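So this one's upload_1.cif, mmCIF, C-alpha atoms:
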data_run
#
loop_
_atom_site.group_PDB
_atom_site.id
_atom_site.type_symbol
_atom_site.label_atom_id
_atom_site.label_comp_id
_atom_site.auth_asym_id
_atom_site.auth_seq_id
_atom_site.Cartn_x
_atom_site.Cartn_y
_atom_site.Cartn_z
ATOM 1 C CA MET W 1 237.058 19.311 126.936
ATOM 2 C CA SER W 2 240.528 19.008 128.406
ATOM 3 C CA GLY W 3 241.816 17.119 125.360
ATOM 4 C CA ILE W 4 239.280 14.309 125.749
ATOM 5 C CA LYS W 5 237.515 13.413 122.518
ATOM 6 C CA PRO W 6 233.708 13.277 122.512
ATOM 7 C CA SER W 7 233.906 9.699 121.246
ATOM 8 C CA SER W 8 235.552 8.590 124.509
ATOM 9 C CA PHE W 9 232.521 9.785 126.482
ATOM 10 C CA MET W 10 230.274 8.102 123.939
ATOM 11 C CA ASP W 11 232.249 4.924 124.650
ATOM 12 C CA ILE W 12 231.095 5.213 128.277
ATOM 13 C CA ALA W 13 227.498 5.687 127.114
ATOM 14 C CA LEU W 14 227.842 2.639 124.834
ATOM 15 C CA GLU W 15 229.111 0.609 127.799
ATOM 16 C CA GLU W 16 226.009 1.644 129.742
ATOM 17 C CA ALA W 17 223.852 0.633 126.749
ATOM 18 C CA ARG W 18 225.493 -2.805 126.631
ATOM 19 C CA ASN W 19 224.914 -3.191 130.385
ATOM 20 C CA ALA W 20 221.248 -2.274 129.902
ATOM 21 C CA GLU W 21 220.961 -4.886 127.155
ATOM 22 C CA MET W 22 222.406 -7.560 129.471
ATOM 23 C CA ARG W 23 219.589 -6.715 131.906
ATOM 24 C CA GLY W 24 217.007 -7.146 129.124
ATOM 25 C CA GLU W 25 216.451 -3.397 128.762
ATOM 26 C CA VAL W 26 216.454 -1.479 125.485
ATOM 27 C CA PRO W 27 220.180 -0.757 124.999
ATOM 28 C CA VAL W 28 220.447 2.971 125.533
ATOM 29 C CA GLY W 29 223.140 4.567 127.667
ATOM 30 C CA ALA W 30 223.909 8.107 128.765
ATOM 31 C CA VAL W 31 226.660 10.018 130.527
ATOM 32 C CA VAL W 32 226.794 13.564 131.903
ATOM 33 C CA VAL W 33 230.161 15.287 131.574
ATOM 34 C CA ARG W 34 231.417 18.341 133.448
ATOM 35 C CA ASP W 35 234.867 19.872 133.076
ATOM 36 C CA GLY W 36 236.088 16.910 131.047
ATOM 37 C CA THR W 37 234.964 14.346 133.650
ATOM 38 C CA ALA W 38 232.065 11.913 133.508
ATOM 39 C CA ILE W 39 230.067 12.723 136.649
ATOM 40 C CA ALA W 40 226.977 10.552 136.095
ATOM 41 C CA ARG W 41 226.142 7.595 133.890
ATOM 42 C CA ALA W 42 223.195 5.291 133.388
ATOM 43 C CA GLY W 43 221.521 2.797 131.126
ATOM 44 C CA ASN W 44 217.811 2.306 130.615
ATOM 45 C CA ARG W 45 216.041 0.827 133.653
ATOM 46 C CA THR W 46 212.353 1.038 132.737
ATOM 47 C CA LEU W 47 211.772 -2.691 133.291
ATOM 48 C CA ALA W 48 213.908 -3.045 136.414
ATOM 49 C CA ASP W 49 212.432 0.053 138.060
ATOM 50 C CA LYS W 50 208.927 -0.526 136.670
ATOM 51 C CA ASP W 51 209.074 3.128 135.703
ATOM 52 C CA PRO W 52 208.318 4.381 132.182
ATOM 53 C CA THR W 53 210.442 7.477 132.880
ATOM 54 C CA ALA W 54 213.603 5.505 133.774
ATOM 55 C CA HIS W 55 215.300 6.333 130.483
ATOM 56 C CA ALA W 56 219.101 6.532 130.535
ATOM 57 C CA GLU W 57 219.108 10.304 129.981
ATOM 58 C CA LEU W 58 216.743 11.049 132.853
ATOM 59 C CA LEU W 59 218.623 8.769 135.237
ATOM 60 C CA ALA W 60 221.967 10.358 134.360
ATOM 61 C CA ILE W 61 220.559 13.902 134.592
ATOM 62 C CA ARG W 62 218.991 13.129 137.994
ATOM 63 C CA ALA W 63 222.251 11.667 139.299
ATOM 64 C CA ALA W 64 224.274 14.662 138.060
ATOM 65 C CA ALA W 65 221.817 17.155 139.577
ATOM 66 C CA GLN W 66 221.930 15.282 142.894
ATOM 67 C CA LEU W 67 225.739 15.195 142.848
ATOM 68 C CA LEU W 68 226.049 18.900 142.041
ATOM 69 C CA GLY W 69 223.187 19.953 144.308
ATOM 70 C CA THR W 70 221.382 21.898 141.587
ATOM 71 C CA GLU W 71 218.743 21.355 138.925
ATOM 72 C CA ARG W 72 220.669 23.565 136.474
ATOM 73 C CA LEU W 73 223.438 21.693 134.675
ATOM 74 C CA THR W 74 224.546 24.713 132.642
ATOM 75 C CA ASP W 75 228.184 23.663 132.412
ATOM 76 C CA CYS W 76 227.443 20.019 131.617
ATOM 77 C CA ASP W 77 227.241 18.006 128.414
ATOM 78 C CA LEU W 78 225.073 14.945 127.812
ATOM 79 C CA TYR W 79 226.154 11.985 125.690
ATOM 80 C CA VAL W 80 223.483 9.459 124.778
ATOM 81 C CA THR W 81 223.545 6.535 122.379
ATOM 82 C CA LEU W 82 220.127 7.261 120.829
ATOM 83 C CA GLU W 83 218.454 10.488 119.786
ATOM 84 C CA PRO W 84 216.384 11.538 122.821
ATOM 85 C CA CYS W 85 212.608 11.135 122.854
ATOM 86 C CA ALA W 86 210.363 14.110 123.642
ATOM 87 C CA MET W 87 210.484 13.424 127.394
ATOM 88 C CA CYS W 88 214.287 13.230 127.473
ATOM 89 C CA ALA W 89 214.762 16.200 125.144
ATOM 90 C CA ALA W 90 212.505 18.270 127.423
ATOM 91 C CA ALA W 91 214.480 17.168 130.496
ATOM 92 C CA THR W 92 217.706 18.123 128.699
ATOM 93 C CA SER W 93 216.271 21.578 128.065
ATOM 94 C CA PHE W 94 214.897 21.993 131.598
ATOM 95 C CA ALA W 95 218.275 20.974 133.054
ATOM 96 C CA ARG W 96 219.942 23.592 130.833
ATOM 97 C CA ILE W 97 222.412 21.044 129.459
ATOM 98 C CA ARG W 98 225.059 22.921 127.455
ATOM 99 C CA ARG W 99 225.705 20.356 124.691
ATOM 100 C CA LEU W 100 223.921 17.207 123.595
ATOM 101 C CA TYR W 101 225.849 14.508 121.733
ATOM 102 C CA PHE W 102 223.879 11.528 120.478
ATOM 103 C CA GLY W 103 224.689 8.394 118.522
ATOM 104 C CA ALA W 104 221.928 6.863 116.423
ATOM 105 C CA ALA W 105 219.080 8.918 115.004
ATOM 106 C CA ASP W 106 215.592 7.728 115.941
ATOM 107 C CA PRO W 107 213.138 8.407 113.086
ATOM 108 C CA LYS W 108 210.246 6.819 115.027
ATOM 109 C CA GLY W 109 210.701 8.172 118.549
ATOM 110 C CA GLY W 110 213.348 10.876 118.413
ATOM 111 C CA ALA W 111 212.437 14.464 119.198
ATOM 112 C CA VAL W 112 215.626 16.365 118.376
ATOM 113 C CA GLU W 113 216.246 15.954 114.641
ATOM 114 C CA ASN W 114 213.111 13.873 114.054
ATOM 115 C CA GLY W 115 209.511 14.019 115.250
ATOM 116 C CA VAL W 116 208.552 17.145 117.167
ATOM 117 C CA ARG W 117 212.058 18.658 117.020
ATOM 118 C CA LEU W 118 211.587 20.017 120.498
ATOM 119 C CA PHE W 119 214.561 22.388 120.516
ATOM 120 C CA SER W 120 213.119 24.171 117.460
ATOM 121 C CA ALA W 121 209.776 24.862 119.158
ATOM 122 C CA ALA W 122 209.009 28.459 120.088
ATOM 123 C CA THR W 123 208.093 27.280 123.588
ATOM 124 C CA CYS W 124 211.522 25.736 124.188
ATOM 125 C CA HIS W 125 213.366 28.125 126.512
ATOM 126 C CA HIS W 126 216.796 26.473 126.364
ATOM 127 C CA ARG W 127 218.414 24.881 123.331
ATOM 128 C CA PRO W 128 221.623 22.950 123.829
ATOM 129 C CA GLU W 129 224.187 22.709 121.069
ATOM 130 C CA VAL W 130 223.398 19.402 119.324
ATOM 131 C CA TYR W 131 225.855 16.998 117.699
ATOM 132 C CA GLY W 132 224.404 13.816 116.216
ATOM 133 C CA GLY W 133 226.065 10.750 114.771
ATOM 134 C CA ILE W 134 228.749 10.290 117.460
ATOM 135 C CA GLY W 135 229.330 6.520 117.671
ATOM 136 C CA GLU W 136 226.293 6.058 115.444
ATOM 137 C CA GLY W 137 227.368 2.755 113.887
ATOM 138 C CA GLU W 138 227.834 0.892 117.143
ATOM 139 C CA ALA W 139 224.787 2.456 118.790
ATOM 140 C CA ALA W 140 222.556 1.555 115.835
ATOM 141 C CA ALA W 141 223.975 -1.984 115.669
ATOM 142 C CA LEU W 142 223.202 -2.555 119.367
ATOM 143 C CA LEU W 143 219.598 -1.493 118.887
ATOM 144 C CA LYS W 144 219.081 -3.462 115.657
ATOM 145 C CA SER W 145 220.510 -6.610 117.236
ATOM 146 C CA PHE W 146 218.381 -6.189 120.358
ATOM 147 C CA PHE W 147 215.120 -5.808 118.454
ATOM 148 C CA ALA W 148 215.954 -8.463 115.865
ATOM 149 C CA ALA W 149 216.370 -10.996 118.692
ATOM 150 C CA ARG W 150 212.843 -10.176 119.903
ATOM 151 C CA ARG W 151 211.087 -10.647 116.567
#
Let me see the structure of the file written as structure tokens.
Amino acid sequence: MSGIKPSSFMDIALEEARNAEMRGEVPVGAVVVRDGTAIARAGNRTLADKDPTAHAELLAIRAAAQLLGTERLTDCDLYVTLEPCAMCAAATSFARIRRLYFGAADPKGGAVENGVRLFSAATCHHRPEVYGGIGEGEAAALLKSFFAARR
């Protein structure tokens, strides 16, 4: 990682989550890292894009694939503030992401350590290394605050 701590990339993802929150989106952010450099970043845009698939992870993966000119991101890592849902976990696998770092666990909608545990399924052809709990406190606080304000 060229001496760069994973938490510094999570800080970028948290910034994207805060930007998403300012737009009224669920505060989730993601960043794709290659060779110690953030090459793509995004926050949720489902409302703005009127697209249920415009999750931060998918947007960042799409941008990285476009930048690199390939659908295989084998030498890339993904940092995301919330445990990916089934759709985003599948996209992470299909993109052949090397490592997945996530912040807050998602007992209701997560699909990595919770729910379907997609990477453990026999039909999952690529399993990234997974590291949870990176920046968990701040990521969880953002989400709790966002949803508390809507109740």
Which residues are close to Cys85 of chain W, i.e. within 8 Å by all atoms listed in the file, leaving aside same-chain residues fewer than 2 positions away? Reply as JSON, numbers by chain.
{"W": [83, 87, 88, 89, 109, 110, 111, 112]}
Near segment 19-23 of chain W, 12 Å: segment 103-143 of chain W residue rows, closest pairs, all atoms listed in the file, as CSV:
residue,atom,partner,partner_atom,distance
W:Ala139,CA,W:Glu21,CA,11.8
W:Leu142,CA,W:Glu21,CA,8.4
W:Leu143,CA,W:Glu21,CA,9.0
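Straight-line separation from atom CA of Ala86 of chain W to atom CA of Phe119 of chain W: 9.8 Å.
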Hits from the PyMOL selection byres ((chain W and resi 93) around 9), listed as a VMD selection string: chain W and resid 88 to 92 94 to 98 119 124 to 128
Listed atoms of segment 17-31 of chain W boxed axis-aligned with 8 Å per side, centre + edges as lines of an AutoDock Vina configuration file:
center_x = 221.6
center_y = 1.2
center_z = 128.5
size_x = 26.2
size_y = 33.6
size_z = 22.9
Hey, which bits of segment 46-97 of chain W sit within 7 Å of segment 38-41 of chain W, and for each residue what's the closest pair of atoms and how far apart in Å (one decimal), counting all atoms listed in the file, rows by chain and increasing number, as a tab-separated table?
residue	atom	partner	partner_atom	distance
W:Ala60	CA	W:Arg41	CA	5.0
W:Ala63	CA	W:Ala40	CA	5.8
W:Ala64	CA	W:Ala40	CA	5.3
Which residues fall under the PyMOL selection byres ((chain W and resi 130) around 7) in this file, as a list in words?
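So the PyMOL selection byres ((chain W and resi 130) around 7) ends up selecting Arg99, Leu100, Tyr101, Pro128, Glu129, Tyr131 and Gly132 of chain W.
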One residue among W:Pro107, W:Ile61, W:Ile134, W:Ser120 is nearest to Asp11 of chain W when using all atoms listed in the file, and that residue is W:Ile134
Using only C-alpha atoms, which residue out of W:Leu67, W:Ala54, W:Ala149, W:Cys76 lies closest to Val33 of chain W?
->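 Under the stated criterion, the closest residue is W:Cys76.
Atom CA of Thr74 of chain W is positioned 22.2 Å from atom CA of Gly43 of chain W.
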